Amino acid sequence: MAPKKRHGKVVKKQRRKINLHALSYQQKQHLKEFGEVHPSESREDEVKKYTHVKDESEIIKPETDKVEESSDSEGEKTEHPFQELLSTIDGRENDSHIYESSNDEEDEMEEETGDEEEEDIESDDDDVADQSDEDDVGDDDDDNDDDEDGQSDDEVKEEVDDDGEEEDDDGIANAEENNNQEVSQQEIFPEIEDIEVDDKEIIDINDDKTDYHVQDSDPFTNQFDKEVDEDAINKVNSRKDWTKQQIKIPGLGKGNLQFPCQQHLPPMNHSETDLSKLYIKEKLLEKIPETNEKLCNIQTEGLSPLQQGIFNVLNDYQDLYYTERSHHNQEEIRLSYCLHALNHVVKSRNRVIGNNTKLKDKKASVDDDYRDQGLTRPKVLIMVPFRESAYKIVEIFISLISRGKKAKMMNRKRFVQEYHDEDEEDTKKVKPEDFDALFAGNIDDHFRFGVQVCKSVIKLYSHFYLSDLIIASPLGLRTIIGAEGEKGDHDFLSSIELLILDQTDVFLMQNWDHLTQIINKMHQQPKTGHGVDFSRVRMWTLEGWSKYYRQTAIFSSISSPEITALFNKHCHNYRGKIQIVRKPSSGTICQIVTQLPQTFHRFSCKNFSEICEDRFHFFVKKILPDIQDHMKNHTMVFIPSYFDFVRIRNYFAKEEMNFVQMNEYVKDQKVSKYRWLFFVGKVPFMLYTERLHFYRRYKIRGIHHIVFYELPHYPHYYSEVCNMLKDPKRNLDHIELSCTVLYSKYDAQKLSEIVGANRTSVMINSDKTVHMFVTGENS
């Protein structure tokens, strides 16, 4: 694009080479007209003008090489306002490349904005001012435009003192244009405007101009303002002192409630259906029906029964473990916890801003009544396995906070390009329905980004220490915090108040160790202060008790021992926790259509730590010799754990047995070859992992005998694999088919999902170690 001429001069594109925050109004006008900066007052004079410092002796001059970083103490009145203002003018060192902030965002912004920004170099400030008028949100500073550049002194001070959310020198990028390719016109966000927001726009959602105070009866206040004594903390740590009882929650069903202290148990409103009584911010409440209809395909005036039950538990700030998640109700669940997360963030930020206003008016020292923050700013951590899941979460956020017909979102195009893939309709439909729903869209599992909630604006890719929420995958966060012994950054996890784990069962198929390491790094003492004002930090945070105030919500489609252990071991909420009981069923064994005898072998195991060793020895000494003696070719060994797979593979190789290995790391060409060799009978054994079945969902032909080395995590995999024996293209009536299953007393949870709860009780407690079932059409 050729440069434009103004007043006979050629104006080159130099917007990003000039720090607009450091220019006065006259300098901006001169830059707009002539393309160069008019000489004006010195930087020290600029500072004195905006801070109302008349005497030079009153200025506190900080060391130039020690500029404080922004932190969670947004809006606090620090000892050195001059130092904070200098960091705004001079700019902070931008290290946000660690958290997916692009270093080239400024150039990409120029390509995207085009002629409009070339014609008006100060359009950002004008757009924000205009936008502030359009958004009908309480902001006391909007009416005081007394400065030369349209900002009052209070607004200028609020940029630095109120939220501590100074812009980096590099600015904020709207989007990332990859190879100059434009996003399709039919985007998922058709009504979202991609904007750039100045610092004065970074003010949280308020229902009205005085809505800074959170009501004393609000569960938010009861959770985070209560000072728990040391005796109560000791009871939380001692599992023996916990009280258990069964409850029934409308919309969810039966649940097991566990709590350590009766006096700290909240008045539970699990049956409340009036959303106006659940302390939801009014602006969020208005958007629930529209969001449900648009994104969840539900037409209701409020929340659906399932959403109502989940939100009621979350709103009471108790831990929740829900195991009935499916591809049918996933959007309902997602909206429930997104609503709770946004509601929590808005209340937290409103309290901070309200206390900032009081302290400015009071002009006094900070006392304990104004302790409203943590050691760092991020308060909510949402972990999901795939980018498409993160995309849908942001989609719900946008819908809930949008004002009028349009919502505003920073870095929208970049986000759409990186996190959303348009699905091509599969006409064959050869995969199961749950597989198509799970792997729809972008299934990349390495991502993380910060989200800053502004006034009807979602700011994506914000620096972690300036973010209200963090959305990430376990792998994405693990690459930041590092492995044991490595120097990584995990200070941003020190003050997480709400942890949401969605699709937790998928984490088992990725790398469960990533998740456990991340949770272990939470609520540790930060390595640096990050500019925090300790006079505003809550006392229980300084005591190191943050993990006892954190709420954890776990959503899974299965009930797994690993997830249950995580819920029992790492959830320390002093308000208690609720585990929803799965609805009883007859088991997936009833879904087998092939006439198949199934033999279940129970092996003895003294303790859980020795179960892997005992299972391997039982398989080698009891099961494998029987297969070899009876010449059972076409045998598949189904192995859920990759570690067990490696051990059995090495044993087969050592014994020089003829086999093929089918795991998630085998290339596609070899997979096709191995499947053909097994089908024609040239290879008698196939080692098949559950993770491969999870990611590919192959239908293996030629199976005559199946050995389940361990019960699968997903119970429907059992019936799927057993049904593979029925080949409509071949007549197998004359061939003997069999299924062998290994289990122990520690596999009762998995076993009940396959054979049913009643049969499981008999099989675990019976003196017999072998049980047989026959299924099929003629059984």
# chains A, B, ... in the order shown; residues from 1 in each chain; ligands from 1
>>> residues_around(residues="stretch 290-306 of chain A", least_positions_apart="3", cutoff="9 Å", atoms="only C-alpha atoms", output="number ranges by chain")
A: 250-252, 273-275, 285-287, 309-311, 329-333, 335-336, 392, 395-396, 399-400
>>> residues_around(residues="A:Val228", least_positions_apart="4", cutoff="9 Å", atoms="only C-alpha atoms", output="list in words")
Ala232, Ile233, His264, Trp540 and Tyr574 of chain A
>>> closest_residue(among="A:Glu418, A:Asp367, A:Asp626, A:Glu710", to="A:Pro640", atoms="only C-alpha atoms")
A:Glu710
>>> select_by_dssp(residues="stretch 486-597 of chain A", states="strand (DSSP E or B)", output="list in words")
Leu498, Leu499, Ile500, Leu501, Val537, Gln551, Thr552, Ala553, Ile554, Phe555, Lys577, Ile578, Gln579, Ile580, Leu596 and Pro597 of chain A
>>> atom_distance(atom1="atom CA of A:Gly587", atom2="atom CA of A:Tyr698")
22.6 Å
>>> decode(residues="stretch 247-268 of chain A", atoms="N, CA, C and O atoms", output="PDB file, in the first residue's frame")
ATOM      1  N   ILE A 247     -26.554 -36.869  50.115  1.00  0.00           N
ATOM      2  CA  ILE A 247     -27.491 -35.803  49.812  1.00  0.00           C
ATOM      3  C   ILE A 247     -28.060 -36.038  48.416  1.00  0.00           C
ATOM      4  O   ILE A 247     -27.520 -36.837  47.642  1.00  0.00           O
ATOM      5  N   LYS A 248     -29.125 -35.357  48.105  1.00  0.00           N
ATOM      6  CA  LYS A 248     -29.732 -35.429  46.783  1.00  0.00           C
ATOM      7  C   LYS A 248     -29.847 -34.022  46.232  1.00  0.00           C
ATOM      8  O   LYS A 248     -30.432 -33.139  46.859  1.00  0.00           O
ATOM      9  N   ILE A 249     -29.275 -33.809  45.058  1.00  0.00           N
ATOM     10  CA  ILE A 249     -29.238 -32.489  44.442  1.00  0.00           C
ATOM     11  C   ILE A 249     -30.117 -32.508  43.198  1.00  0.00           C
ATOM     12  O   ILE A 249     -29.902 -33.343  42.305  1.00  0.00           O
ATOM     13  N   PRO A 250     -31.105 -31.646  43.121  1.00  0.00           N
ATOM     14  CA  PRO A 250     -31.956 -31.609  41.912  1.00  0.00           C
ATOM     15  C   PRO A 250     -31.126 -31.356  40.661  1.00  0.00           C
ATOM     16  O   PRO A 250     -30.286 -30.468  40.621  1.00  0.00           O
ATOM     17  N   GLY A 251     -31.379 -32.148  39.648  1.00  0.00           N
ATOM     18  CA  GLY A 251     -30.655 -32.011  38.397  1.00  0.00           C
ATOM     19  C   GLY A 251     -29.407 -32.846  38.306  1.00  0.00           C
ATOM     20  O   GLY A 251     -28.916 -33.122  37.205  1.00  0.00           O
ATOM     21  N   LEU A 252     -28.854 -33.266  39.441  1.00  0.00           N
ATOM     22  CA  LEU A 252     -27.624 -34.053  39.457  1.00  0.00           C
ATOM     23  C   LEU A 252     -27.828 -35.460  39.996  1.00  0.00           C
ATOM     24  O   LEU A 252     -27.161 -36.393  39.565  1.00  0.00           O
ATOM     25  N   GLY A 253     -28.723 -35.594  40.956  1.00  0.00           N
ATOM     26  CA  GLY A 253     -28.957 -36.905  41.552  1.00  0.00           C
ATOM     27  C   GLY A 253     -28.318 -37.022  42.915  1.00  0.00           C
ATOM     28  O   GLY A 253     -28.085 -36.032  43.615  1.00  0.00           O
ATOM     29  N   LYS A 254     -28.013 -38.254  43.304  1.00  0.00           N
ATOM     30  CA  LYS A 254     -27.431 -38.505  44.624  1.00  0.00           C
ATOM     31  C   LYS A 254     -25.952 -38.140  44.631  1.00  0.00           C
ATOM     32  O   LYS A 254     -25.248 -38.269  43.629  1.00  0.00           O
ATOM     33  N   GLY A 255     -25.519 -37.679  45.798  1.00  0.00           N
ATOM     34  CA  GLY A 255     -24.122 -37.313  45.953  1.00  0.00           C
ATOM     35  C   GLY A 255     -23.637 -37.593  47.347  1.00  0.00           C
ATOM     36  O   GLY A 255     -24.430 -37.690  48.300  1.00  0.00           O
ATOM     37  N   ASN A 256     -22.328 -37.747  47.482  1.00  0.00           N
ATOM     38  CA  ASN A 256     -21.692 -37.949  48.780  1.00  0.00           C
ATOM     39  C   ASN A 256     -21.030 -36.645  49.213  1.00  0.00           C
ATOM     40  O   ASN A 256     -20.115 -36.158  48.557  1.00  0.00           O
ATOM     41  N   LEU A 257     -21.523 -36.089  50.308  1.00  0.00           N
ATOM     42  CA  LEU A 257     -20.988 -34.844  50.848  1.00  0.00           C
ATOM     43  C   LEU A 257     -19.978 -35.164  51.939  1.00  0.00           C
ATOM     44  O   LEU A 257     -20.268 -35.933  52.859  1.00  0.00           O
ATOM     45  N   GLN A 258     -18.795 -34.569  51.853  1.00  0.00           N
ATOM     46  CA  GLN A 258     -17.756 -34.712  52.869  1.00  0.00           C
ATOM     47  C   GLN A 258     -17.349 -33.323  53.336  1.00  0.00           C
ATOM     48  O   GLN A 258     -17.117 -32.438  52.512  1.00  0.00           O
ATOM     49  N   PHE A 259     -17.263 -33.134  54.634  1.00  0.00           N
ATOM     50  CA  PHE A 259     -16.864 -31.833  55.172  1.00  0.00           C
ATOM     51  C   PHE A 259     -16.113 -32.047  56.478  1.00  0.00           C
ATOM     52  O   PHE A 259     -16.431 -32.946  57.263  1.00  0.00           O
ATOM     53  N   PRO A 260     -15.093 -31.200  56.745  1.00  0.00           N
ATOM     54  CA  PRO A 260     -14.284 -31.389  57.950  1.00  0.00           C
ATOM     55  C   PRO A 260     -14.852 -30.721  59.183  1.00  0.00           C
ATOM     56  O   PRO A 260     -14.659 -31.205  60.299  1.00  0.00           O
ATOM     57  N   CYS A 261     -15.541 -29.575  59.033  1.00  0.00           N
ATOM     58  CA  CYS A 261     -15.998 -28.799  60.182  1.00  0.00           C
ATOM     59  C   CYS A 261     -17.452 -28.419  59.993  1.00  0.00           C
ATOM     60  O   CYS A 261     -17.809 -27.789  58.990  1.00  0.00           O
ATOM     61  N   GLN A 262     -18.279 -28.775  60.947  1.00  0.00           N
ATOM     62  CA  GLN A 262     -19.703 -28.483  60.853  1.00  0.00           C
ATOM     63  C   GLN A 262     -19.954 -26.980  60.872  1.00  0.00           C
ATOM     64  O   GLN A 262     -20.842 -26.475  60.179  1.00  0.00           O
ATOM     65  N   GLN A 263     -19.150 -26.221  61.639  1.00  0.00           N
ATOM     66  CA  GLN A 263     -19.381 -24.782  61.751  1.00  0.00           C
ATOM     67  C   GLN A 263     -19.043 -24.029  60.481  1.00  0.00           C
ATOM     68  O   GLN A 263     -19.492 -22.909  60.272  1.00  0.00           O
ATOM     69  N   HIS A 264     -18.227 -24.635  59.593  1.00  0.00           N
ATOM     70  CA  HIS A 264     -17.863 -23.981  58.339  1.00  0.00           C
ATOM     71  C   HIS A 264     -18.667 -24.497  57.160  1.00  0.00           C
ATOM     72  O   HIS A 264     -18.423 -24.085  56.025  1.00  0.00           O
ATOM     73  N   LEU A 265     -19.600 -25.404  57.389  1.00  0.00           N
ATOM     74  CA  LEU A 265     -20.431 -25.915  56.308  1.00  0.00           C
ATOM     75  C   LEU A 265     -21.410 -24.833  55.880  1.00  0.00           C
ATOM     76  O   LEU A 265     -22.139 -24.292  56.709  1.00  0.00           O
ATOM     77  N   PRO A 266     -21.442 -24.459  54.607  1.00  0.00           N
ATOM     78  CA  PRO A 266     -22.299 -23.348  54.176  1.00  0.00           C
ATOM     79  C   PRO A 266     -23.769 -23.739  54.167  1.00  0.00           C
ATOM     80  O   PRO A 266     -24.111 -24.921  54.054  1.00  0.00           O
ATOM     81  N   PRO A 267     -24.660 -22.758  54.289  1.00  0.00           N
ATOM     82  CA  PRO A 267     -26.089 -23.049  54.089  1.00  0.00           C
ATOM     83  C   PRO A 267     -26.340 -23.346  52.619  1.00  0.00           C
ATOM     84  O   PRO A 267     -26.382 -22.445  51.785  1.00  0.00           O
ATOM     85  N   MET A 268     -26.473 -24.597  52.277  1.00  0.00           N
ATOM     86  CA  MET A 268     -26.520 -25.027  50.881  1.00  0.00           C
ATOM     87  C   MET A 268     -27.872 -24.705  50.251  1.00  0.00           C
ATOM     88  O   MET A 268     -28.920 -24.980  50.828  1.00  0.00           O
TER      89      MET A 268
END
